[in-house]
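Down below is the structure, laid out as structure tokens.
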Amino acid sequence: MFDEDSELLAFLRRYRILFQIAAGVIAIELILLAYSGVWPPLYVVRSNSMQHSETVSALGIIDTGDLVLIESTNWNSVSTYVESFSEGHRSFGDYGDVIVYERYGLSSLTPLAHRAMVHVDYNVSSDAFDIPSLLKLPSEKWSNMGLEQGRWWALDGVVEIYDVGYRSATLRLNLTSLVEYYRQNGLVHDGLITMGDNNLVLEDGQWICLYDQITAYCREPVMDEWIRGEASLEIPWLGLIRLYVNAELPDYAPNNSKIALIVTMATLLGALLASRAAFNYMEDRGIRPWKAVRERLIGMVRKGR
């Protein structure tokens, strides 16, 4: 039978804070899992590919060391940059949704959190790509480089989309290269063209987008089953802790994020110590705020036995 003098209750009282922290962490994880519908629901951002600055992080933008909360999604729910432009839908500082996906569908490779730019449909009969969503863009926003104006079907050349992202870059979608890659590998699937907001190169004074499918990141357009989820919330700075512990903290991690993390941790520690001091103060004066809760729990245990 349990009583207030039992060793178990003494142990629980002694390590009360640790149990409270553990219970809080478990509760938070269960809430996040219920919200996101996927596991794990949180991802640590290791690169600066989504930053809107080389040196400074910002709230509302996915920066190195941030935690990203994702929720379950699929092709039908993902709104690309091209689709979102006319609708005015923005996510993390630009048009279109940010997705977390497994490159080539391989869980052994580090997943990427990049923006969905445009959906391409492989046209088997023409050995080219159809991009019907281009019709949603104003005519001055894109070009099919020499074909009749407004043509979005059977495209196997270069499609350019202008004034993209925070540097007003040009997305130069090289479908000739992609068609050749499909031929070499016997591919026929549709998919998403994806890109990190900060993956840009300066050519002749013009910023050019280095989208994933033209780089070594992931040459194939992203298939539906490769998508782990859609990024829905940025939790700034806290991921720096894991990067530091794992000796993975890069030199380019923004200094203002490091400072903000230190201030945040100091504030939380101060609040924890203050609450503990207040609790001890009340117990020293015979005020026991958790007594009623403990007695109720003990009563439930006794009743169960």
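Within each chain, counting starts at residue 1; across the structure tokens, chains are named A, B, ... in the order shown, with ligands numbered 1 upward in that order.
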* Can you check which residues of range 99-222 of chain A DSSP gives as strand (DSSP E or B) on the backbone and send them as an NGL selection string? => :A and (99-101 or 112-123 or 128-130 or 142-143 or 155 or 158-164 or 169-174 or 191-195 or 200-203 or 206-209 or 222)
* To do: Looking only at alpha helix (DSSP H) from DSSP on the backbone, list the matching residues of range 116-228 of chain A as a ChimeraX atom specification.
  => /A:175-185
* **Given only C-alpha atoms as the counted atoms, nearest of A:Asp66, A:Glu230, A:Glu54, A:Asp163 to Leu243 in chain A** => A:Asp66
* **Among the residues A:Ala169, A:Ala58, A:Val263, A:Leu187, the one that comes closest to Ile208 in chain A [using only C-alpha atoms]** => A:Ala169
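Of the listed residues (A:Leu67, A:Val222, A:Ala274, A:Val201), A:Leu67 comes nearest to Arg46 in chain A; the distances count only C-alpha atoms.
Atom pair CA of Tyr217 in chain A / CA of Leu261 in chain A has a distance of 29.7 Å (rounded to one decimal).
A straight line drawn from CA of Gly146 in chain A to CA of Gly96 in chain A is 27.1 Å long.
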* To do: Just the residues within 7 Å of Ser49 in chain A, please, counting only C-alpha atoms, with nothing from its chain fewer than 4 positions along; format it as an NGL selection string.
  => :A and (196-199)
Those residues you just picked out, can you put them in a file as a PDB file, in the first residue's frame with N, CA and C atoms?
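That gives us selection.pdb:
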ATOM      1  N   GLY A 196      15.638  25.125 -53.332  1.00  0.00           N
ATOM      2  CA  GLY A 196      15.888  25.908 -52.133  1.00  0.00           C
ATOM      3  C   GLY A 196      15.923  27.386 -52.479  1.00  0.00           C
ATOM      4  N   ASP A 197      15.293  28.219 -51.684  1.00  0.00           N
ATOM      5  CA  ASP A 197      15.193  29.651 -51.996  1.00  0.00           C
ATOM      6  C   ASP A 197      16.558  30.312 -52.186  1.00  0.00           C
ATOM      7  N   ASN A 198      17.578  29.775 -51.508  1.00  0.00           N
ATOM      8  CA  ASN A 198      18.895  30.392 -51.526  1.00  0.00           C
ATOM      9  C   ASN A 198      19.853  29.711 -52.501  1.00  0.00           C
ATOM     10  N   ASN A 199      19.363  28.741 -53.253  1.00  0.00           N
ATOM     11  CA  ASN A 199      20.211  28.045 -54.224  1.00  0.00           C
ATOM     12  C   ASN A 199      20.209  28.815 -55.539  1.00  0.00           C
TER      13      ASN A 199
END
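Using only C-alpha atoms for every distance, the candidate list A:Leu192, A:Ala128, A:Asn144, A:Trp153 yields A:Ala128 as the residue closest to Glu180 in chain A.
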* To do: Please indicate the distance in Å from CA of Tyr43 in chain A to CA of Leu69 in chain A, rounded to one decimal place.
  => 6.6 Å
* Nearest to Ser77 in chain A, chosen from A:Asp224, A:Glu148, A:Glu160, A:Asp284, with only C-alpha atoms counted in the distances ->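 The closest residue to Ser77 in chain A is A:Asp224.
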* To do: For Leu233 in chain A, list every protein, DNA or RNA residue within 10 Å, evaluated using only C-alpha atoms, and leave out those in the same chain fewer than 3 positions away; present the list as a PyMOL selection string.
  => chain A and resi 42+60-62+67-71+91-92+230+236
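Within 12 Å of Leu202 in chain A, once only C-alpha atoms are used and residues closer than 4 positions along the same chain are dropped, the contacting residues are Arg167, Ser168, Ala169, Thr170, Asn198, Gln206, Trp207, Ile208, Cys209 and Leu210 of chain A.
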Would you write out, as CSV, a table of all residues in range 26-101 of chain A that have an atom no more than 9 Å from an atom of range 252-256 of chain A, listing for each the closest atom pair and the distance in Å to one decimal, considering only C-alpha atoms and ordering rows by chain and rising residue number?
residue,atom,partner,partner_atom,distance
A:Arg46,CA,A:Ala253,CA,8.8
A:Ser47,CA,A:Ala253,CA,8.3
A:Asn48,CA,A:Tyr252,CA,7.6
A:Glu54,CA,A:Tyr252,CA,7.7
A:Thr55,CA,A:Pro254,CA,5.3
A:Val56,CA,A:Pro254,CA,5.2
A:Ser57,CA,A:Pro254,CA,5.9
A:Ala58,CA,A:Asn256,CA,8.9
A:Asp63,CA,A:Pro254,CA,8.1
A:Thr64,CA,A:Ala253,CA,5.6
A:Gly65,CA,A:Ala253,CA,6.9
Residues as selected, N, CA and C atoms, written as an mmCIF file, in the first residue's frame, can you do that?
data_model
loop_
_atom_site.group_PDB
_atom_site.id
_atom_site.type_symbol
_atom_site.label_atom_id
_atom_site.label_comp_id
_atom_site.auth_asym_id
_atom_site.auth_seq_id
_atom_site.Cartn_x
_atom_site.Cartn_y
_atom_site.Cartn_z
ATOM 1 N N ARG A 46 19.690 21.623 -41.601
ATOM 2 C CA ARG A 46 21.150 21.558 -41.518
ATOM 3 C C ARG A 46 21.848 22.480 -42.504
ATOM 4 N N SER A 47 21.180 22.884 -43.564
ATOM 5 C CA SER A 47 21.833 23.702 -44.589
ATOM 6 C C SER A 47 21.238 25.102 -44.609
ATOM 7 N N ASN A 48 21.837 25.950 -45.446
ATOM 8 C CA ASN A 48 21.332 27.313 -45.604
ATOM 9 C C ASN A 48 20.593 27.484 -46.930
ATOM 10 N N GLU A 54 22.716 35.360 -46.604
ATOM 11 C CA GLU A 54 23.869 34.489 -46.400
ATOM 12 C C GLU A 54 24.335 34.472 -44.946
ATOM 13 N N THR A 55 23.971 35.496 -44.193
ATOM 14 C CA THR A 55 24.560 35.657 -42.856
ATOM 15 C C THR A 55 23.546 35.862 -41.728
ATOM 16 N N VAL A 56 22.314 36.246 -42.050
ATOM 17 C CA VAL A 56 21.349 36.630 -41.018
ATOM 18 C C VAL A 56 20.072 35.803 -41.167
ATOM 19 N N SER A 57 19.606 35.266 -40.045
ATOM 20 C CA SER A 57 18.346 34.532 -40.052
ATOM 21 C C SER A 57 17.187 35.492 -39.791
ATOM 22 N N ALA A 58 15.979 35.019 -40.094
ATOM 23 C CA ALA A 58 14.795 35.865 -39.901
ATOM 24 C C ALA A 58 13.607 34.992 -39.532
ATOM 25 N N ASP A 63 15.735 28.840 -41.777
ATOM 26 C CA ASP A 63 17.167 29.105 -41.710
ATOM 27 C C ASP A 63 17.907 27.919 -41.101
ATOM 28 N N THR A 64 19.221 27.919 -41.252
ATOM 29 C CA THR A 64 20.054 26.893 -40.636
ATOM 30 C C THR A 64 19.812 26.854 -39.126
ATOM 31 N N GLY A 65 19.577 25.644 -38.607
ATOM 32 C CA GLY A 65 19.372 25.485 -37.169
ATOM 33 C C GLY A 65 17.936 25.613 -36.716
#
